[in-house]
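The next block is work19.cif, given as mmCIF, C-alpha atoms and all ligand atoms.
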data_query
loop_
_atom_site.label_atom_id
_atom_site.label_comp_id
_atom_site.auth_asym_id
_atom_site.auth_seq_id
_atom_site.Cartn_x
_atom_site.Cartn_y
_atom_site.Cartn_z
CA MET A 1335 25.38 125.77 23.36
CA ARG A 1336 24.08 123.93 26.38
CA VAL A 1337 23.84 120.70 24.40
CA ALA A 1338 27.45 120.98 23.26
CA TYR A 1339 28.48 121.56 26.87
CA TYR A 1340 26.96 118.27 27.96
CA ILE A 1341 28.38 116.33 25.03
CA LEU A 1342 31.81 117.62 25.93
CA MET A 1343 31.48 116.96 29.65
CA PRO A 1344 35.05 115.98 30.50
CA LYS A 1345 35.88 112.66 32.10
CA VAL A 1346 38.72 112.12 34.55
CA ARG A 1347 40.19 108.86 35.70
CA PHE A 1348 43.03 107.89 38.01
CA ALA A 1349 44.00 104.22 37.75
CA SER A 1350 46.56 101.79 36.36
CA THR A 1351 45.81 99.64 33.32
CA GLN A 1352 44.65 96.90 35.69
CA ASP A 1353 41.51 98.90 35.05
CA PRO A 1354 40.05 97.65 31.75
CA ASP A 1355 38.77 101.11 30.76
CA LEU A 1356 42.30 102.50 30.93
CA PHE A 1357 43.81 99.53 29.11
CA TYR A 1358 41.15 100.00 26.42
CA ILE A 1359 42.31 103.57 25.94
CA VAL A 1360 46.10 103.26 26.15
CA GLN A 1361 46.46 99.69 24.74
CA LYS A 1362 49.54 99.10 26.86
CA ARG A 1363 50.21 97.83 30.37
CA ILE A 1364 51.06 100.64 32.81
CA ALA A 1365 51.47 99.33 36.36
CA ASP A 1366 51.23 102.59 38.34
CA PRO A 1367 48.05 104.65 38.45
CA PHE A 1368 48.02 107.70 36.21
CA PHE A 1369 45.58 110.48 35.34
CA LEU A 1370 43.48 110.42 32.22
CA VAL A 1371 41.54 113.48 31.06
CA ASP A 1372 39.05 112.92 28.26
CA THR A 1373 37.74 116.23 26.92
CA GLY A 1374 35.46 114.50 24.43
CA ALA A 1375 37.57 115.74 21.53
CA LYS A 1376 40.87 114.50 22.85
CA LYS A 1377 42.27 112.25 25.54
CA TYR A 1378 45.33 113.13 27.63
CA VAL A 1379 47.31 110.73 29.77
CA PHE A 1380 49.71 112.17 32.32
CA LEU A 1381 52.79 110.02 32.67
CA ASN A 1382 56.02 110.28 34.58
CA VAL A 1383 59.52 109.87 33.15
CA LEU A 1384 59.43 106.11 33.75
CA GLU A 1385 56.57 105.67 31.31
CA ILE A 1386 56.36 108.51 28.85
CA ASP A 1387 58.95 107.57 26.24
CA ALA A 1388 57.90 103.93 26.08
CA PHE A 1389 54.30 105.09 25.75
CA LYS A 1390 55.08 107.53 22.94
CA GLU A 1391 56.96 104.85 21.04
CA HIS A 1392 53.96 102.57 21.34
CA ASN A 1393 51.06 104.98 20.80
CA THR A 1394 49.53 105.32 17.33
CA ASN A 1395 46.27 107.02 18.35
CA PRO A 1396 46.26 110.66 17.13
CA ASN A 1397 43.49 111.55 19.61
CA LEU A 1398 45.51 110.32 22.58
CA GLU A 1399 48.28 112.57 23.81
CA ALA A 1400 50.81 111.82 26.51
CA VAL A 1401 51.77 114.74 28.75
CA VAL A 1402 54.87 114.54 30.92
CA LEU A 1403 54.02 115.11 34.57
CA ASP A 1404 57.10 117.12 35.57
CA ASP A 1405 55.69 120.65 35.08
CA LEU A 1406 52.48 119.80 36.91
CA ILE A 1407 54.40 118.24 39.77
CA ARG A 1408 56.60 121.34 40.07
CA LYS A 1409 53.58 123.63 40.13
CA SER A 1410 51.76 121.42 42.62
CA ARG A 1411 54.64 121.74 45.10
CA ASN A 1412 54.03 125.51 45.25
CA LEU A 1413 50.45 125.06 46.49
CA GLN A 1414 50.16 126.36 50.04
CA LEU A 1415 48.16 123.45 51.40
CA PRO A 1416 49.72 121.91 54.50
CA ASN A 1417 48.67 118.36 55.41
CA THR A 1418 47.72 117.65 51.81
CA SER A 1419 49.30 114.67 50.07
CA PRO A 1420 51.47 115.24 46.98
CA LEU A 1421 48.94 113.27 44.93
CA ASN A 1422 46.04 115.46 46.03
CA LYS A 1423 48.07 118.58 45.23
CA LEU A 1424 48.93 117.16 41.83
CA ALA A 1425 45.26 116.41 41.13
CA LEU A 1426 44.27 119.93 42.11
CA THR A 1427 46.97 121.42 39.88
CA LEU A 1428 45.78 119.29 37.00
CA PHE A 1429 42.17 120.44 37.57
CA GLN A 1430 43.36 124.07 37.64
CA GLU A 1431 45.58 123.84 34.57
CA TYR A 1432 43.00 121.99 32.47
CA GLU A 1433 40.13 124.23 33.64
CA LEU A 1434 38.23 121.37 35.21
CA LEU A 1435 37.40 123.09 38.50
CA HIS A 1436 33.75 124.23 38.83
CA LYS A 1437 32.90 122.35 35.63
CA GLN A 1438 30.83 119.20 35.70
CA VAL A 1439 33.35 116.36 35.43
CA THR A 1440 32.50 112.67 35.08
CA VAL A 1441 34.48 110.14 37.11
CA SER A 1442 34.07 106.38 37.36
CA LYS A 1443 32.69 104.65 40.44
CA HIS A 1444 36.26 103.44 41.04
CA PHE A 1445 37.68 106.96 41.39
CA PRO A 1446 39.62 107.07 44.70
CA LEU A 1447 37.39 108.39 47.46
CA ASP A 1448 40.12 110.43 49.20
CA LEU A 1449 40.96 112.15 45.93
CA ALA A 1450 37.28 112.86 45.27
CA ASP A 1451 36.74 114.22 48.79
CA PHE A 1452 39.70 116.55 48.45
CA LEU A 1453 38.87 117.77 44.93
CA ARG A 1454 35.28 118.46 45.98
CA SER A 1455 36.52 120.43 48.98
CA GLN A 1456 38.42 122.57 46.46
CA GLY A 1457 35.35 123.22 44.33
CA ALA A 1458 35.41 120.32 41.86
CA ASN A 1459 32.02 119.18 40.61
CA LEU A 1460 32.37 115.40 40.23
CA THR A 1461 29.60 113.19 38.92
CA VAL A 1462 29.99 109.42 39.24
CA THR A 1463 29.04 107.21 36.33
CA ASP A 1464 28.64 103.46 36.34
CA GLN A 1465 29.57 103.25 32.66
CA PHE A 1466 32.78 105.19 32.23
CA MET A 1467 33.51 103.76 28.78
CA PRO A 1468 30.18 102.41 27.52
CA GLU A 1469 31.68 102.05 24.04
CA ARG A 1470 33.69 99.10 25.40
CA ARG A 1471 30.59 96.89 25.29
CA ARG A 1472 30.16 96.88 21.52
CA LYS A 1473 33.09 94.98 20.04
CA THR A 1474 34.79 95.97 16.80
CA SER A 1475 35.74 93.32 14.26
CA GLU A 1476 39.30 93.59 15.54
CA GLU A 1477 38.19 92.91 19.12
CA ILE A 1478 36.03 90.01 17.97
CA ALA A 1479 39.09 88.57 16.21
CA HIS A 1480 41.07 88.81 19.47
CA ILE A 1481 38.33 87.01 21.41
CA ARG A 1482 37.98 84.40 18.68
CA GLU A 1483 41.71 83.73 18.91
CA ALA A 1484 41.63 83.46 22.74
CA VAL A 1485 38.69 81.05 22.45
CA ARG A 1486 40.53 78.96 19.86
CA GLN A 1487 43.61 78.70 22.08
CA THR A 1488 41.41 77.69 25.01
CA TYR A 1489 40.27 74.59 23.09
CA THR A 1490 43.78 73.22 23.49
CA ALA A 1491 43.39 73.34 27.28
CA PHE A 1492 40.28 71.16 27.00
CA GLU A 1493 42.13 68.80 24.65
CA LEU A 1494 44.80 68.49 27.34
CA ILE A 1495 42.23 67.77 30.07
CA GLU A 1496 40.48 65.17 27.94
CA THR A 1497 43.80 63.50 27.11
CA VAL A 1498 44.80 63.31 30.78
CA LEU A 1499 41.39 61.89 31.74
CA ARG A 1500 41.50 59.36 28.90
CA GLN A 1501 44.99 58.22 29.93
CA SER A 1502 44.02 57.99 33.60
CA VAL A 1503 43.15 54.65 35.13
CA ILE A 1504 40.30 54.21 37.63
CA LYS A 1505 41.68 52.84 40.92
CA GLY A 1506 38.84 52.59 43.46
CA ASP A 1507 37.53 56.10 44.07
CA THR A 1508 40.54 57.88 42.54
CA LEU A 1509 42.17 58.21 39.14
CA GLU A 1510 45.77 57.31 38.54
CA TYR A 1511 47.68 59.37 35.99
CA GLU A 1512 51.33 58.62 35.28
CA GLY A 1513 51.53 56.66 38.52
CA GLU A 1514 50.08 59.43 40.73
CA VAL A 1515 46.63 60.24 42.09
CA LEU A 1516 45.07 62.81 39.73
CA THR A 1517 43.96 65.98 41.55
CA SER A 1518 42.20 69.22 40.71
CA GLU A 1519 45.35 71.11 41.72
CA TYR A 1520 47.55 69.11 39.33
CA LEU A 1521 45.18 69.53 36.39
CA ARG A 1522 44.77 73.26 37.03
CA GLN A 1523 48.52 73.76 37.10
CA GLU A 1524 49.00 71.76 33.89
CA VAL A 1525 46.31 73.84 32.20
CA GLU A 1526 47.82 77.13 33.40
CA LEU A 1527 51.30 76.16 32.21
CA HIS A 1528 49.93 75.00 28.89
CA LEU A 1529 47.90 78.16 28.34
CA PHE A 1530 50.87 80.34 29.23
CA LYS A 1531 52.90 78.70 26.46
CA GLN A 1532 49.99 79.38 24.08
CA GLY A 1533 50.24 83.11 24.89
CA LEU A 1534 47.47 83.21 27.51
CA GLU A 1535 47.36 83.66 31.27
CA SER A 1536 44.72 82.93 33.90
CA PRO A 1537 44.69 86.04 36.12
CA GLU A 1538 41.30 85.09 37.57
CA GLY A 1539 42.20 81.41 38.09
CA LEU A 1540 40.25 78.53 36.62
CA ILE A 1541 37.87 75.81 37.78
CA ILE A 1542 38.42 72.07 37.64
CA SER A 1543 36.12 70.66 40.29
CA CYS A 1544 34.26 67.43 40.84
CA GLY A 1545 31.65 65.87 43.10
CA PRO A 1546 30.18 68.18 45.75
CA HIS A 1547 32.66 70.92 44.76
CA ALA A 1548 31.23 70.94 41.24
CA ALA A 1549 27.83 71.63 42.81
CA MET A 1550 29.23 74.99 44.00
CA PRO A 1551 29.46 77.01 40.78
CA HIS A 1552 32.61 78.96 41.68
CA HIS A 1553 34.49 76.31 43.69
CA GLY A 1554 37.90 75.97 42.03
CA GLY A 1555 38.21 72.32 43.04
CA THR A 1556 40.53 70.62 45.51
CA GLY A 1557 41.78 67.09 46.07
CA PRO A 1558 41.44 63.95 43.96
CA ILE A 1559 39.39 63.88 40.77
CA ARG A 1560 36.80 61.16 41.33
CA PRO A 1561 35.66 58.60 38.78
CA HIS A 1562 31.95 58.39 37.84
CA GLN A 1563 31.31 61.97 39.08
CA THR A 1564 30.82 65.10 37.04
CA ILE A 1565 33.95 67.23 36.57
CA VAL A 1566 33.21 70.88 35.78
CA CYS A 1567 36.05 72.53 33.82
CA ASP A 1568 35.57 76.29 33.44
CA ILE A 1569 38.55 77.99 31.79
CA PHE A 1570 38.64 81.76 31.36
CA PRO A 1571 42.11 82.87 30.30
CA ARG A 1572 43.24 86.17 28.86
CA ASP A 1573 45.43 86.70 25.81
CA ARG A 1574 48.63 88.21 27.20
CA VAL A 1575 49.04 90.62 24.29
CA SER A 1576 45.53 91.65 23.28
CA GLY A 1577 44.17 91.50 26.85
CA TYR A 1578 40.90 89.85 25.75
CA PHE A 1579 39.37 86.93 27.63
CA ALA A 1580 37.86 83.65 26.52
CA ASP A 1581 35.43 81.75 28.78
CA ILE A 1582 34.51 78.14 28.05
CA THR A 1583 33.08 75.40 30.26
CA ARG A 1584 32.76 71.70 29.60
CA THR A 1585 31.66 68.97 31.99
CA PHE A 1586 33.16 65.48 31.87
CA VAL A 1587 32.74 62.16 33.63
CA LYS A 1588 35.56 59.64 33.71
CA GLY A 1589 33.80 56.31 33.92
CA THR A 1590 30.02 55.89 34.20
CA PRO A 1591 27.80 58.84 35.13
CA SER A 1592 24.69 58.37 37.27
CA VAL A 1593 21.27 58.42 35.62
CA LYS A 1594 20.66 61.76 37.33
CA ALA A 1595 23.90 63.25 35.98
CA ILE A 1596 22.99 62.16 32.45
CA ALA A 1597 19.57 63.81 32.77
CA MET A 1598 21.17 67.00 34.10
CA TYR A 1599 23.65 67.01 31.22
CA GLU A 1600 20.94 66.54 28.59
CA ALA A 1601 18.83 69.34 30.09
CA VAL A 1602 21.77 71.75 30.26
CA LYS A 1603 22.87 70.89 26.73
CA SER A 1604 19.47 71.51 25.16
CA ALA A 1605 19.03 74.67 27.28
CA GLN A 1606 22.35 75.93 25.95
CA MET A 1607 21.53 75.09 22.32
CA GLU A 1608 18.07 76.65 22.38
CA ALA A 1609 19.12 79.75 24.30
CA THR A 1610 21.99 80.29 21.84
CA LYS A 1611 19.52 80.15 18.94
CA ALA A 1612 17.44 82.86 20.65
CA VAL A 1613 20.35 85.32 20.66
CA LYS A 1614 19.73 88.27 18.35
CA PRO A 1615 19.92 92.05 18.47
CA GLY A 1616 16.89 93.65 20.10
CA ILE A 1617 16.00 90.74 22.38
CA ALA A 1618 15.91 91.35 26.14
CA ALA A 1619 18.79 89.49 27.78
CA SER A 1620 16.34 88.26 30.45
CA GLU A 1621 14.31 86.62 27.68
CA VAL A 1622 17.34 84.61 26.50
CA HIS A 1623 17.82 83.46 30.09
CA ALA A 1624 14.15 82.46 30.22
CA VAL A 1625 14.54 80.20 27.15
CA ALA A 1626 17.16 78.18 29.02
CA ALA A 1627 15.27 78.25 32.33
CA ASP A 1628 12.06 76.99 30.71
CA ILE A 1629 13.84 73.97 29.18
CA ILE A 1630 15.53 73.14 32.48
CA LYS A 1631 12.24 73.43 34.36
CA ALA A 1632 10.43 71.28 31.78
CA ALA A 1633 13.10 68.60 32.30
CA GLY A 1634 12.08 68.48 35.97
CA PHE A 1635 14.89 70.53 37.53
CA ASP A 1636 14.82 73.61 39.74
CA THR A 1637 15.53 77.02 38.31
CA GLY A 1638 16.55 78.70 41.55
CA ASP A 1639 13.41 80.84 41.70
CA LYS A 1640 10.60 81.22 44.24
CA SER A 1641 9.99 77.48 44.56
CA LEU A 1642 13.23 76.95 46.48
CA PRO A 1643 13.96 77.88 50.09
CA ALA A 1644 17.39 79.37 49.55
CA GLY A 1645 17.69 79.00 45.79
CA ARG A 1646 20.85 76.98 46.31
CA GLN A 1647 20.19 74.09 43.96
CA GLY A 1648 19.18 73.76 40.35
CA PHE A 1649 19.92 76.46 37.75
CA ILE A 1650 20.96 79.10 40.27
CA HIS A 1651 22.87 81.69 38.25
CA GLY A 1652 22.35 83.93 35.27
CA LEU A 1653 22.68 82.39 31.83
CA GLY A 1654 25.69 84.50 30.93
CA HIS A 1655 27.61 87.75 30.81
CA GLY A 1656 29.57 89.95 28.47
CA VAL A 1657 33.20 89.00 27.77
CA GLY A 1658 35.97 91.34 26.67
CA LEU A 1659 38.82 92.99 28.55
CA GLU A 1660 37.01 91.70 31.65
CA VAL A 1661 35.92 88.12 32.04
CA HIS A 1662 32.59 89.39 33.38
CA GLU A 1663 31.38 92.63 31.86
CA SER A 1664 28.32 94.23 30.33
CA PRO A 1665 25.75 93.08 29.26
CA SER A 1666 24.35 90.83 31.94
CA VAL A 1667 22.25 87.87 30.78
CA SER A 1668 20.11 87.04 33.80
CA PRO A 1669 16.47 87.13 34.85
CA TYR A 1670 17.12 90.52 36.51
CA SER A 1671 19.01 92.11 33.61
CA ASN A 1672 17.67 95.32 32.09
CA ASP A 1673 20.01 94.94 29.11
CA THR A 1674 18.85 94.43 25.54
CA LEU A 1675 21.28 92.56 23.30
CA GLU A 1676 22.92 94.61 20.57
CA GLU A 1677 25.04 93.82 17.56
CA GLY A 1678 28.66 93.67 18.70
CA ASP A 1679 27.90 92.25 22.13
CA ILE A 1680 29.98 89.21 23.02
CA ILE A 1681 28.28 87.09 25.66
CA THR A 1682 28.56 83.68 27.26
CA VAL A 1683 25.71 81.19 27.19
CA GLU A 1684 26.30 78.98 30.21
CA PRO A 1685 23.38 77.19 31.79
CA GLY A 1686 24.24 74.92 34.71
CA LEU A 1687 22.65 72.58 37.22
CA TYR A 1688 23.92 72.06 40.74
CA TYR A 1689 22.86 69.51 43.35
CA PRO A 1690 25.09 68.62 46.31
CA GLU A 1691 24.11 64.95 46.10
CA TRP A 1692 24.43 64.63 42.28
CA GLY A 1693 27.18 67.13 41.47
CA GLY A 1694 27.31 69.96 38.97
CA VAL A 1695 26.96 70.31 35.22
CA ARG A 1696 27.76 73.46 33.24
CA LEU A 1697 28.32 74.10 29.55
CA GLU A 1698 29.56 77.47 28.34
CA ASP A 1699 30.19 78.93 24.91
CA VAL A 1700 31.16 82.43 23.81
CA VAL A 1701 28.61 83.87 21.41
CA ALA A 1702 28.68 87.04 19.31
CA VAL A 1703 25.50 89.03 18.65
CA THR A 1704 25.51 89.76 14.91
CA LEU A 1705 23.38 91.98 12.69
CA ASN A 1706 20.95 89.15 11.93
CA GLY A 1707 21.26 86.93 14.98
CA TYR A 1708 24.28 85.27 16.50
CA GLU A 1709 27.53 83.56 15.78
CA ASN A 1710 28.77 80.93 18.20
CA LEU A 1711 32.50 81.69 18.44
CA THR A 1712 33.01 78.41 20.30
CA ASN A 1713 33.25 75.29 18.24
CA TYR A 1714 34.50 72.71 20.69
CA PRO A 1715 32.87 69.28 21.07
CA ARG A 1716 30.69 68.47 24.05
CA ASN A 1717 32.20 65.15 25.08
CA PHE A 1718 30.56 64.12 28.32
CA ILE A 1719 31.78 60.61 29.03
CA ILE A 1720 35.52 60.06 28.81
CA PRO A 1721 36.32 56.36 28.47
MN MN B 1801 31.49 82.56 32.37
#
What's the structure tokens form of this structure?
Ligand SMILES: [Mn+2]
Amino acid sequence: MRVAYYILMPKVRFASTQDPDLFYIVQKRIADPFFLVDTGAKKYVFLNVLEIDAFKEHNTNPNLEAVVLDDLIRKSRNLQLPNTSPLNKLALTLFQEYELLHKQVTVSKHFPLDLADFLRSQGANLTVTDQFMPERRRKTSEEIAHIREAVRQTYTAFELIETVLRQSVIKGDTLEYEGEVLTSEYLRQEVELHLFKQGLESPEGLIISCGPHAAMPHHGGTGPIRPHQTIVCDIFPRDRVSGYFADITRTFVKGTPSVKAIAMYEAVKSAQMEATKAVKPGIAASEVHAVAADIIKAAGFDTGDKSLPAGRQGFIHGLGHGVGLEVHESPSVSPYSNDTLEEGDIITVEPGLYYPEWGGVRLEDVVAVTLNGYENLTNYPRNFIIP
């Protein structure tokens, strides 16, 4: 009896589908926050008149039921609680009607604090969980197909970048493309427009950076693209229909790279290849990171650990991360990760090297953990030098 109680511990959420857990459940964009109650056996979403009919037309999940909010709202107005917001009253009514008060209820760490404070003051027993929908980590074949498709479409953005670089002409320390100075901003906009037409969007932006900017892993890039310097292109768009992300990075040089940049590129490339080969179910994610770090260290570069004062140069980030409805999600592939890779995980493998004086190099593929090992979902060439 006790066991069953814990298995059926209800979960409550209040968010819009900007929240990937809620999008995962309702499979439709809903802009305003709404309540979700998951009893374990069944999920209920509470929607107002603006949403409910469109949702019902769309929903095919028999375990997901939409409840119109009107009755609850009417009841909540009768609560004799002065100085309490309509939303708090509605939440309390919902907890009363669905017998959630005094029961242990799981909420996510994103549950609004004011709502939690109020519900607790009324007797609610809320427990916060870091993993509200842990099942989201292990991808189904349908989800893998969505990611594969987003990855495939992302290749075309790299084809566009390579074409622009190839057609650019070196003029001193700038590149001229169609009579204008080629900039990070221009290339980013062209890529965004292109991806949009392919059915993708870049809600988290994208990176096309060169020179010292490329040595800062998350610098988006500004100003002219320079010849003979590394250009880090990290593109992580989302399919506008499925909601799944791709995440690919390639590094290019227009012109002649320095000897140092070539050595960095070779080290990162072999780190990526060997770390990818190490991917399999049951391996500690930190161990996959270590495969890459060992190769980079053996090539004479820093790995951002103890040896460095601030750990600001060398291989200074984790090898990768899960990809799905979020561009960065579980599992984490870093030296500090406690995660073990499992079949159905989709991760990035993205070693990088960063030195302010030499620039940055990063290569990133999306890799699926399969029953027997891995499948690299990314099959895009690694062209370094663009003539
Ligand atoms: Mn990434």
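Of the residues under consideration (A:Val1695, A:Ala1612, A:Val1383, A:Val1441), A:Val1441 shows the shortest atom-to-atom contact distance to Lys1345 of chain A when counting all atoms listed in the file.
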Can you list, as a PyMOL selection string, every protein, DNA or RNA residue that comes within 12 Å of segment 1356-1358 of chain A when you count all atoms listed in the file, leaving out same-chain residues fewer than 2 positions away? chain A and resi 1346-1354+1360-1372+1377-1379+1395+1398+1442+1444+1466-1471+1473+1477+1575-1578+1658-1660
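You can rank A:Val1625, A:Ile1680, A:Ala1450, A:Leu1381 by their closest distance to ligand MN 1801 (chain B) using only C-alpha atoms and all ligand atoms, and at the top of that list sits A:Ile1680.
Using all atoms listed in the file, the nearest neighbour of Pro1396 of chain A within the list A:Arg1411, A:Lys1376, A:Arg1584, A:Lys1443 is A:Lys1376.
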Exercise on segment 1410-1419 of chain A, axis-aligned box with 6 Å per side, report centre and edge lengths in Å to one decimal, as lines of an AutoDock Vina configuration file:
center_x = 51.2
center_y = 120.5
center_z = 49.0
size_x = 18.9
size_y = 23.7
size_z = 24.8
